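Have a look at structure-v2.txt; it's compact mmCIF, C-alpha atoms:
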```
# COMPACT_ATOMS: atom_id res chain seq x y z
CA MET A 23 -71.29 -176.18 -78.38
CA ALA A 24 -69.60 -173.33 -76.57
CA ASN A 25 -68.16 -170.78 -78.95
CA SER A 26 -64.78 -169.22 -78.39
CA SER A 27 -64.62 -165.47 -78.00
CA TYR A 28 -62.05 -163.22 -79.63
CA VAL A 29 -60.80 -159.67 -79.67
CA ILE A 30 -58.62 -158.39 -82.49
CA MET A 31 -56.17 -155.57 -81.88
CA LEU A 32 -54.80 -154.00 -85.03
CA GLN A 33 -51.79 -151.72 -84.68
CA ALA A 34 -50.56 -151.53 -88.25
CA ALA A 35 -51.10 -148.32 -90.19
CA PRO A 36 -53.41 -148.52 -93.22
CA ASP A 37 -50.49 -148.25 -95.60
CA ASP A 38 -49.28 -151.59 -94.24
CA TYR A 39 -51.83 -153.26 -96.48
CA PHE A 40 -50.83 -156.83 -95.85
CA ALA A 41 -51.11 -156.57 -92.06
CA GLY A 42 -54.54 -154.99 -92.42
CA ARG A 43 -55.65 -157.59 -94.91
CA GLN A 44 -54.40 -160.38 -92.67
CA ALA A 45 -56.34 -158.99 -89.71
CA LEU A 46 -59.50 -158.64 -91.77
CA GLN A 47 -59.17 -162.16 -93.11
CA CYS A 48 -58.70 -163.43 -89.59
CA ALA A 49 -61.83 -161.56 -88.47
CA GLN A 50 -63.80 -163.06 -91.34
CA ASP A 51 -62.53 -166.53 -90.49
CA ILE A 52 -63.62 -166.18 -86.86
CA VAL A 53 -67.12 -165.18 -87.87
CA SER A 54 -67.36 -167.85 -90.54
CA ARG A 55 -66.52 -170.49 -87.93
CA GLY A 56 -69.46 -169.27 -85.88
CA GLU A 57 -67.24 -167.98 -83.12
CA GLN A 58 -67.68 -164.71 -81.33
CA LEU A 59 -65.65 -161.66 -82.30
CA LYS A 60 -66.40 -159.11 -79.63
CA GLN A 61 -64.50 -156.17 -80.97
CA VAL A 62 -61.86 -155.00 -83.40
CA PHE A 63 -59.71 -152.46 -81.59
CA PHE A 64 -57.61 -150.02 -83.59
CA TYR A 65 -54.57 -148.85 -81.65
CA GLY A 66 -51.27 -147.18 -82.48
CA PRO A 67 -50.91 -146.23 -86.14
CA ALA A 68 -54.04 -148.24 -86.98
CA VAL A 69 -56.21 -145.46 -85.57
CA VAL A 70 -55.87 -143.82 -88.98
CA TYR A 71 -58.33 -146.41 -90.32
CA ALA A 72 -61.04 -144.41 -88.58
CA ASN A 73 -60.26 -141.16 -90.38
CA GLN A 74 -63.00 -140.38 -92.87
CA PHE A 75 -60.48 -138.73 -95.17
CA LEU A 76 -58.39 -141.87 -95.50
CA GLN A 77 -57.69 -142.88 -99.08
CA SER A 78 -56.18 -146.15 -100.21
CA PRO A 79 -53.09 -146.03 -102.40
CA SER A 80 -53.77 -146.43 -106.08
CA GLY A 81 -54.26 -150.06 -106.99
CA TYR A 82 -54.99 -151.20 -103.46
CA PRO A 83 -58.39 -152.35 -102.19
CA ASP A 84 -60.17 -149.99 -99.79
CA LEU A 85 -59.60 -151.75 -96.48
CA GLN A 86 -61.44 -149.08 -94.52
CA GLU A 87 -64.58 -149.79 -96.52
CA GLN A 88 -63.99 -153.52 -96.22
CA TRP A 89 -63.81 -153.21 -92.42
CA ARG A 90 -67.02 -151.17 -92.45
CA LYS A 91 -68.78 -153.71 -94.63
CA PHE A 92 -67.62 -156.53 -92.36
CA SER A 93 -68.82 -154.63 -89.30
CA ARG A 94 -72.22 -153.91 -90.84
CA GLU A 95 -72.79 -157.46 -92.00
CA HIS A 96 -71.80 -159.12 -88.75
CA ASN A 97 -72.51 -156.42 -86.20
CA ILE A 98 -68.91 -156.31 -84.98
CA PRO A 99 -67.85 -153.08 -83.24
CA LEU A 100 -64.92 -151.24 -84.78
CA VAL A 101 -63.48 -149.32 -81.85
CA VAL A 102 -60.67 -146.83 -82.22
CA CYS A 103 -58.64 -145.59 -79.26
CA ALA A 104 -59.69 -141.97 -78.86
CA THR A 105 -56.55 -140.89 -77.04
CA VAL A 106 -54.13 -142.28 -79.58
CA GLY A 107 -56.47 -141.15 -82.32
CA SER A 108 -56.10 -137.55 -81.22
CA GLN A 109 -52.33 -137.94 -81.53
CA TYR A 110 -52.85 -138.95 -85.15
CA GLY A 111 -55.25 -136.10 -85.98
CA LEU A 112 -58.44 -138.01 -85.41
CA GLU A 113 -61.29 -135.95 -84.03
CA SER A 114 -63.48 -138.58 -82.43
CA LEU A 115 -66.82 -137.27 -83.63
CA PRO A 116 -68.59 -137.81 -86.91
CA PRO A 117 -68.52 -134.94 -89.40
CA PRO A 118 -68.98 -132.03 -89.32
CA ALA A 119 -67.75 -131.83 -85.71
CA GLY A 120 -64.95 -134.33 -86.30
CA ASN A 121 -63.52 -136.71 -88.86
CA LEU A 122 -64.53 -140.08 -87.45
CA ALA A 123 -65.48 -142.32 -90.33
CA GLU A 124 -68.91 -143.91 -90.43
CA GLY A 125 -68.95 -147.35 -88.86
CA PHE A 126 -66.21 -146.63 -86.32
CA SER A 127 -66.68 -145.66 -82.70
CA ALA A 128 -64.21 -143.94 -80.44
CA GLY A 129 -63.50 -145.71 -77.20
CA GLY A 130 -61.06 -145.76 -74.40
CA LEU A 131 -58.48 -148.16 -73.15
CA ALA A 132 -60.68 -148.97 -70.17
CA GLU A 133 -63.37 -150.31 -72.45
CA PHE A 134 -60.83 -152.37 -74.34
CA ILE A 135 -59.24 -153.82 -71.21
CA GLU A 136 -62.60 -154.76 -69.76
CA THR A 137 -63.62 -156.46 -72.99
CA LEU A 138 -60.29 -158.23 -73.18
CA ALA A 139 -60.55 -159.49 -69.62
CA ASN A 140 -63.80 -161.22 -70.51
CA THR A 141 -62.59 -162.70 -73.78
CA GLU A 142 -60.81 -165.97 -74.36
CA HIS A 143 -58.46 -165.02 -77.19
CA LEU A 144 -56.57 -161.92 -78.24
CA LEU A 145 -55.20 -161.67 -81.76
CA GLN A 146 -52.69 -158.87 -82.24
CA PHE A 147 -51.59 -157.55 -85.62
CA GLN A 148 -48.67 -155.17 -85.37
CA GLY A 149 -47.51 -155.03 -88.95
CA ASN A 150 -44.11 -153.96 -90.16
CA ALA A 151 -44.12 -150.48 -88.70
CA ALA A 152 -44.67 -151.62 -85.14
CA CYS A 153 -42.43 -154.67 -85.25
CA MET B 200 -53.41 -162.43 -66.05
CA LEU B 201 -52.49 -159.95 -68.77
CA MET B 202 -48.84 -160.16 -69.74
CA PHE B 203 -47.38 -157.06 -71.34
CA HIS B 204 -44.17 -157.90 -73.14
CA PHE B 205 -42.11 -154.87 -74.14
CA THR B 206 -39.47 -155.39 -76.78
CA LYS B 207 -39.06 -152.01 -78.49
CA PRO B 208 -36.54 -149.27 -77.66
CA ALA B 209 -37.62 -146.35 -75.51
CA ASN B 210 -38.12 -143.97 -78.42
CA HIS B 211 -40.58 -146.24 -80.22
CA ALA B 212 -44.21 -145.08 -80.10
CA SER B 213 -45.19 -148.62 -79.19
CA ALA B 214 -43.36 -148.24 -75.88
CA ARG B 215 -45.54 -145.32 -74.85
CA GLN B 216 -48.73 -146.91 -76.14
CA GLY B 217 -48.01 -150.16 -74.35
CA LEU B 218 -47.28 -148.31 -71.14
CA ASP B 219 -50.58 -146.43 -71.40
CA MET B 220 -52.41 -149.71 -71.80
CA LEU B 221 -50.55 -151.33 -68.91
CA LEU B 222 -51.33 -148.38 -66.64
CA MET B 223 -54.99 -148.60 -67.55
CA ALA B 224 -55.08 -152.33 -66.89
CA VAL B 225 -53.38 -151.89 -63.53
CA SER B 226 -55.70 -149.04 -62.60
CA LEU B 227 -58.64 -151.34 -63.32
CA ASP B 228 -57.19 -153.91 -60.93
CA GLN B 229 -56.62 -156.42 -63.68
CA PRO B 230 -53.97 -158.99 -62.79
CA CYS B 231 -50.97 -158.01 -64.89
CA CYS B 232 -47.28 -158.43 -65.33
CA ALA B 233 -44.79 -156.52 -67.44
CA LEU B 234 -41.80 -158.17 -69.06
CA TYR B 235 -39.00 -156.17 -70.64
CA SER B 236 -36.55 -157.81 -72.98
CA GLY B 237 -34.00 -156.80 -75.58
CA GLU B 238 -33.90 -153.12 -76.46
CA ALA B 239 -36.92 -152.48 -74.27
CA LEU B 240 -34.68 -152.39 -71.21
CA GLU B 241 -33.91 -148.84 -72.34
CA GLN B 242 -37.44 -147.95 -71.34
CA LEU B 243 -36.61 -148.68 -67.72
CA LEU B 244 -33.44 -146.62 -67.53
CA LYS B 245 -33.50 -143.38 -65.61
CA PRO B 246 -33.84 -140.54 -68.13
CA LEU B 247 -30.77 -138.53 -69.02
CA SER B 248 -32.70 -135.39 -69.97
CA SER B 249 -35.93 -133.62 -69.12
CA PHE B 250 -37.53 -135.03 -72.26
CA ASP B 251 -39.09 -138.20 -70.94
CA PRO B 252 -41.98 -139.67 -72.93
CA LEU B 253 -42.13 -142.61 -70.55
CA LYS B 254 -42.29 -140.56 -67.38
CA LYS B 255 -45.53 -142.27 -66.41
CA ILE B 256 -43.67 -145.54 -65.92
CA GLY B 257 -42.92 -144.29 -62.41
CA MET B 258 -46.64 -144.41 -61.64
CA LEU B 259 -46.56 -148.19 -61.75
CA ASP B 260 -44.65 -148.28 -58.51
CA ALA B 261 -45.44 -144.91 -56.97
CA VAL B 262 -49.18 -144.82 -57.54
CA PHE B 263 -50.27 -148.39 -58.00
CA ASP B 264 -47.67 -150.32 -55.98
CA PHE B 265 -47.30 -152.50 -59.02
CA ALA B 266 -44.39 -154.86 -58.40
CA ASP B 267 -44.72 -157.35 -61.22
CA ILE B 268 -42.10 -155.80 -63.48
CA TYR B 269 -39.71 -158.37 -64.85
CA VAL B 270 -36.52 -158.09 -66.85
CA ASP B 271 -35.10 -160.85 -68.99
CA SER B 272 -31.80 -161.86 -67.43
CA ALA B 273 -30.07 -162.45 -70.78
CA SER B 274 -30.95 -158.94 -71.96
CA PHE B 275 -29.96 -157.54 -68.59
CA THR B 276 -26.53 -159.14 -68.79
CA ALA B 277 -26.04 -158.03 -72.39
CA MET B 278 -26.90 -154.42 -71.49
CA ASN B 279 -24.32 -154.41 -68.72
CA VAL B 280 -26.33 -152.29 -66.33
CA SER B 281 -27.32 -152.50 -62.69
CA VAL B 282 -30.86 -152.56 -61.35
CA ASP B 283 -29.93 -149.25 -59.74
CA ASN B 284 -29.96 -147.77 -63.24
CA PHE B 285 -33.66 -148.50 -63.54
CA ARG B 286 -36.34 -146.04 -62.53
CA VAL B 287 -38.63 -148.67 -61.03
CA PRO B 288 -37.94 -151.79 -59.01
CA VAL B 289 -37.64 -154.84 -61.24
CA LYS B 290 -37.12 -158.54 -60.87
CA VAL B 291 -34.51 -160.07 -63.13
CA ILE B 292 -35.68 -163.49 -64.25
CA ASP B 293 -34.32 -166.26 -66.40
CA SER B 294 -35.92 -168.04 -69.33
CA ALA B 295 -37.55 -170.68 -67.11
CA GLU B 296 -39.28 -167.97 -65.11
CA ILE B 297 -40.33 -166.25 -68.33
CA ASP B 298 -41.82 -169.52 -69.52
CA ARG B 299 -43.71 -169.75 -66.25
CA LEU B 300 -45.14 -166.26 -66.71
CA ASN B 301 -46.10 -167.10 -70.27
CA SER B 302 -47.91 -170.20 -69.12
CA GLN B 303 -49.88 -168.22 -66.54
CA ALA B 304 -50.90 -165.44 -68.90
CA LYS B 305 -54.43 -165.37 -70.23
CA HIS B 306 -53.45 -162.81 -72.82
CA LYS B 307 -50.04 -161.68 -74.05
CA LEU B 308 -49.75 -158.19 -75.43
CA LEU B 309 -46.62 -157.41 -77.37
CA PHE B 310 -45.37 -153.83 -77.55
```
So that I can check it, write out the structure of this file as structure tokens.
Amino acid sequence: MANSSYVIMLQAAPDDYFAGRQALQCAQDIVSRGEQLKQVFFYGPAVVYANQFLQSPSGYPDLQEQWRKFSREHNIPLVVCATVGSQYGLESLPPPAGNLAEGFSAGGLAEFIETLANTEHLLQFQGNAAC
Amino acid sequence: MLMFHFTKPANHASARQGLDMLLMAVSLDQPCCALYSGEALEQLLKPLSSFDPLKKIGMLDAVFDFADIYVDSASFTAMNVSVDNFRVPVKVIDSAEIDRLNSQAKHKLLF
């Protein structure tokens, strides 16, 4: 059986918990169905997910860690847009040279577009801030 | 075909980020189209000051000869502007044409 392929683009900032949770749940569902999730791309305000200094608000689950755990367990790349990241204070190198959180990689729009062009489905999560 | 649908006003960060992605896709020779509707028509207007975060929109036409820029006719009428007010050549299309674009798109990216 041919598996469908997916890319997720998350644009909601980490403080938009419900958008982030929805995207993560969707990613988990794709994998649990045995379908291919090629990449989770963090764009716009979502680039902040890749900041190692990110802290969840009190009482909220740590979505950054949950994304990392998901990526580790299923070998799904978590790619953050380096250009937009720099506009949000993200230095796209691991510490001590930068503040890129473990489990994330910095990529470019070219990489994302090329992946997207070879993928069947795009799922976009904008959240409240971007809507 | 990648369909970029812009719906946000010109001062929204999403407008700039969507434009950056569209420019990259066009530069990679990906088949694309750009649709502007609602407040996003502001993005196409010629700037009134030197502060122009969307200056690169001119590259679509000037650098890449990208001609697939569409404007929703209902939004166009509501805005009460002329195509001469826009900084790039556009095609004003109705809902049937928008449906046709939607049906041809492999991926739709909303900004």
Residues of chain B within 7 Å of chain A, counting all atoms listed in the file, as number ranges by chain: B: 213, 216, 220, 223-224, 306
What would the list of residues within 12 Å of (-34.3, -158.9, -62.5) (file frame) look like as a short mmCIF file (atom, residue, chain, number, x, y, z; two decimals) with C-alpha atoms, in the frame of the given file, if all atoms listed in the file are what count?
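The resulting file, point_19.cif, is reproduced below:
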```cif
data_model
loop_
_atom_site.label_atom_id
_atom_site.label_comp_id
_atom_site.auth_asym_id
_atom_site.auth_seq_id
_atom_site.Cartn_x
_atom_site.Cartn_y
_atom_site.Cartn_z
CA ALA B 233 -44.79 -156.52 -67.44
CA LEU B 234 -41.80 -158.17 -69.06
CA TYR B 235 -39.00 -156.17 -70.64
CA SER B 236 -36.55 -157.81 -72.98
CA LEU B 240 -34.68 -152.39 -71.21
CA LEU B 243 -36.61 -148.68 -67.72
CA ALA B 266 -44.39 -154.86 -58.40
CA ASP B 267 -44.72 -157.35 -61.22
CA ILE B 268 -42.10 -155.80 -63.48
CA TYR B 269 -39.71 -158.37 -64.85
CA VAL B 270 -36.52 -158.09 -66.85
CA ASP B 271 -35.10 -160.85 -68.99
CA SER B 272 -31.80 -161.86 -67.43
CA ALA B 273 -30.07 -162.45 -70.78
CA SER B 274 -30.95 -158.94 -71.96
CA PHE B 275 -29.96 -157.54 -68.59
CA THR B 276 -26.53 -159.14 -68.79
CA VAL B 280 -26.33 -152.29 -66.33
CA SER B 281 -27.32 -152.50 -62.69
CA VAL B 282 -30.86 -152.56 -61.35
CA ASP B 283 -29.93 -149.25 -59.74
CA ASN B 284 -29.96 -147.77 -63.24
CA PHE B 285 -33.66 -148.50 -63.54
CA VAL B 287 -38.63 -148.67 -61.03
CA PRO B 288 -37.94 -151.79 -59.01
CA VAL B 289 -37.64 -154.84 -61.24
CA LYS B 290 -37.12 -158.54 -60.87
CA VAL B 291 -34.51 -160.07 -63.13
CA ILE B 292 -35.68 -163.49 -64.25
CA ASP B 293 -34.32 -166.26 -66.40
CA SER B 294 -35.92 -168.04 -69.33
CA GLU B 296 -39.28 -167.97 -65.11
CA ILE B 297 -40.33 -166.25 -68.33
#
```
Å distance separating atom CA of Trp89 of chain A from atom CA of Gln61 of chain A, one decimal place: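 So the answer is 11.8 Å.
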Among listed residues A:Gln86, A:Ser26, A:Asn150, A:Asn97, nearest Gln74 of chain A (using all atoms listed in the file):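 When distances to Gln74 of chain A are compared using all atoms listed in the file, the smallest one comes from A:Gln86.
Taking only C-alpha atoms, the non-local environment of Leu253 of chain B within 8 Å (same-chain residues fewer than 4 positions away omitted) comprises Ala209, Ala214, Arg215, Leu218 and Gln242 of chain B.
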What's around Ser127 of chain A at 10 Å? Count all atoms listed in the file, leave out sequence neighbours fewer than 4 positions away in its own chain, and write the answer as a PDB file with C-alpha atoms, in the frame of the given file.
```
ATOM      1  CA  PHE A  63     -59.710-152.460 -81.590  1.00  0.00           C
ATOM      2  CA  ALA A  72     -61.040-144.410 -88.580  1.00  0.00           C
ATOM      3  CA  PRO A  99     -67.850-153.080 -83.240  1.00  0.00           C
ATOM      4  CA  LEU A 100     -64.920-151.240 -84.780  1.00  0.00           C
ATOM      5  CA  VAL A 101     -63.480-149.320 -81.850  1.00  0.00           C
ATOM      6  CA  VAL A 102     -60.670-146.830 -82.220  1.00  0.00           C
ATOM      7  CA  CYS A 103     -58.640-145.590 -79.260  1.00  0.00           C
ATOM      8  CA  ALA A 104     -59.690-141.970 -78.860  1.00  0.00           C
ATOM      9  CA  SER A 114     -63.480-138.580 -82.430  1.00  0.00           C
ATOM     10  CA  LEU A 115     -66.820-137.270 -83.630  1.00  0.00           C
ATOM     11  CA  PRO A 116     -68.590-137.810 -86.910  1.00  0.00           C
ATOM     12  CA  LEU A 122     -64.530-140.080 -87.450  1.00  0.00           C
ATOM     13  CA  ALA A 123     -65.480-142.320 -90.330  1.00  0.00           C
TER      14      ALA A 123
END
```
One decimal, in Å: what's the spacing between atom CA of Glu113 of chain A and atom CA of Gln88 of chain A?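 We find that atom CA of Glu113 of chain A and atom CA of Gln88 of chain A lie 21.6 Å from each other.
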Provide the atom CA of Glu238 of chain B to atom CA of Pro208 of chain B distance in Å, to one decimal place.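 Between atom CA of Glu238 of chain B and atom CA of Pro208 of chain B the gap is 4.8 Å.
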Can we get segment 53-89 of chain A of that structure written down with N, CA and C atoms, as a compact mmCIF listing (two decimals), in the first residue's frame?
```txt
# COMPACT_ATOMS: atom_id res chain seq x y z
N VAL A 53 1.92 9.76 11.79
CA VAL A 53 2.88 8.68 12.03
C VAL A 53 2.16 7.41 12.48
N SER A 54 1.16 7.59 13.33
CA SER A 54 0.46 6.40 13.84
C SER A 54 -0.31 5.68 12.74
N ARG A 55 -0.68 6.40 11.69
CA ARG A 55 -1.35 5.77 10.56
C ARG A 55 -0.36 5.08 9.62
N GLY A 56 0.93 5.23 9.91
CA GLY A 56 1.94 4.62 9.07
C GLY A 56 2.25 5.43 7.84
N GLU A 57 1.83 6.69 7.84
CA GLU A 57 2.10 7.55 6.69
C GLU A 57 3.39 8.33 6.94
N GLN A 58 3.87 8.92 5.87
CA GLN A 58 5.19 9.55 5.93
C GLN A 58 5.08 11.05 6.25
N LEU A 59 5.70 11.45 7.33
CA LEU A 59 5.82 12.87 7.64
C LEU A 59 7.26 13.26 7.35
N LYS A 60 7.43 14.03 6.30
CA LYS A 60 8.80 14.32 5.84
C LYS A 60 9.50 15.37 6.69
N GLN A 61 8.71 16.30 7.20
CA GLN A 61 9.35 17.43 7.88
C GLN A 61 8.29 18.23 8.64
N VAL A 62 8.68 18.76 9.77
CA VAL A 62 7.88 19.80 10.42
C VAL A 62 8.67 21.09 10.27
N PHE A 63 8.07 22.06 9.62
CA PHE A 63 8.75 23.32 9.32
C PHE A 63 8.18 24.42 10.19
N PHE A 64 9.06 25.09 10.92
CA PHE A 64 8.66 26.16 11.83
C PHE A 64 8.93 27.49 11.15
N TYR A 65 7.89 28.25 10.93
CA TYR A 65 8.00 29.50 10.16
C TYR A 65 7.23 30.60 10.90
N GLY A 66 7.53 31.83 10.57
CA GLY A 66 6.85 32.92 11.28
C GLY A 66 7.14 32.84 12.77
N PRO A 67 6.17 33.23 13.60
CA PRO A 67 6.41 33.25 15.04
C PRO A 67 6.76 31.88 15.63
N ALA A 68 6.48 30.81 14.90
CA ALA A 68 6.79 29.47 15.42
C ALA A 68 8.28 29.18 15.49
N VAL A 69 9.10 30.03 14.88
CA VAL A 69 10.55 29.80 14.96
C VAL A 69 11.03 29.83 16.41
N VAL A 70 10.26 30.46 17.27
CA VAL A 70 10.66 30.58 18.68
C VAL A 70 10.71 29.20 19.36
N TYR A 71 9.99 28.24 18.80
CA TYR A 71 10.08 26.86 19.33
C TYR A 71 11.51 26.35 19.37
N ALA A 72 12.34 26.86 18.48
CA ALA A 72 13.70 26.34 18.36
C ALA A 72 14.70 27.08 19.25
N ASN A 73 14.20 27.97 20.07
CA ASN A 73 15.09 28.71 20.98
C ASN A 73 15.30 27.90 22.24
N GLN A 74 16.55 27.62 22.55
CA GLN A 74 16.82 26.75 23.71
C GLN A 74 16.39 27.38 25.02
N PHE A 75 16.20 28.68 25.02
CA PHE A 75 15.81 29.35 26.27
C PHE A 75 14.29 29.44 26.44
N LEU A 76 13.57 28.85 25.51
CA LEU A 76 12.10 28.90 25.59
C LEU A 76 11.61 28.21 26.86
N GLN A 77 10.69 28.85 27.52
CA GLN A 77 10.05 28.25 28.70
C GLN A 77 8.54 28.29 28.51
N SER A 78 7.90 27.20 28.87
CA SER A 78 6.44 27.16 28.78
C SER A 78 5.83 27.96 29.91
N PRO A 79 4.67 28.56 29.67
CA PRO A 79 3.98 29.24 30.76
C PRO A 79 3.63 28.25 31.87
N SER A 80 3.57 28.75 33.06
CA SER A 80 3.24 27.91 34.21
C SER A 80 1.91 27.18 33.97
N GLY A 81 1.94 25.89 34.21
CA GLY A 81 0.71 25.10 34.07
C GLY A 81 0.51 24.51 32.69
N TYR A 82 1.38 24.88 31.74
CA TYR A 82 1.23 24.36 30.39
C TYR A 82 2.28 23.27 30.13
N PRO A 83 1.93 22.25 29.39
CA PRO A 83 2.93 21.25 29.00
C PRO A 83 4.04 21.88 28.16
N ASP A 84 5.21 21.26 28.20
CA ASP A 84 6.37 21.76 27.47
C ASP A 84 6.29 21.23 26.03
N LEU A 85 5.72 22.04 25.15
CA LEU A 85 5.54 21.58 23.76
C LEU A 85 6.88 21.45 23.04
N GLN A 86 7.83 22.30 23.38
CA GLN A 86 9.14 22.18 22.74
C GLN A 86 9.72 20.79 23.00
N GLU A 87 9.66 20.36 24.25
CA GLU A 87 10.17 19.04 24.59
C GLU A 87 9.34 17.95 23.93
N GLN A 88 8.04 18.18 23.85
CA GLN A 88 7.19 17.17 23.21
C GLN A 88 7.50 17.04 21.72
N TRP A 89 7.80 18.15 21.07
CA TRP A 89 8.22 18.08 19.66
C TRP A 89 9.54 17.32 19.54
```
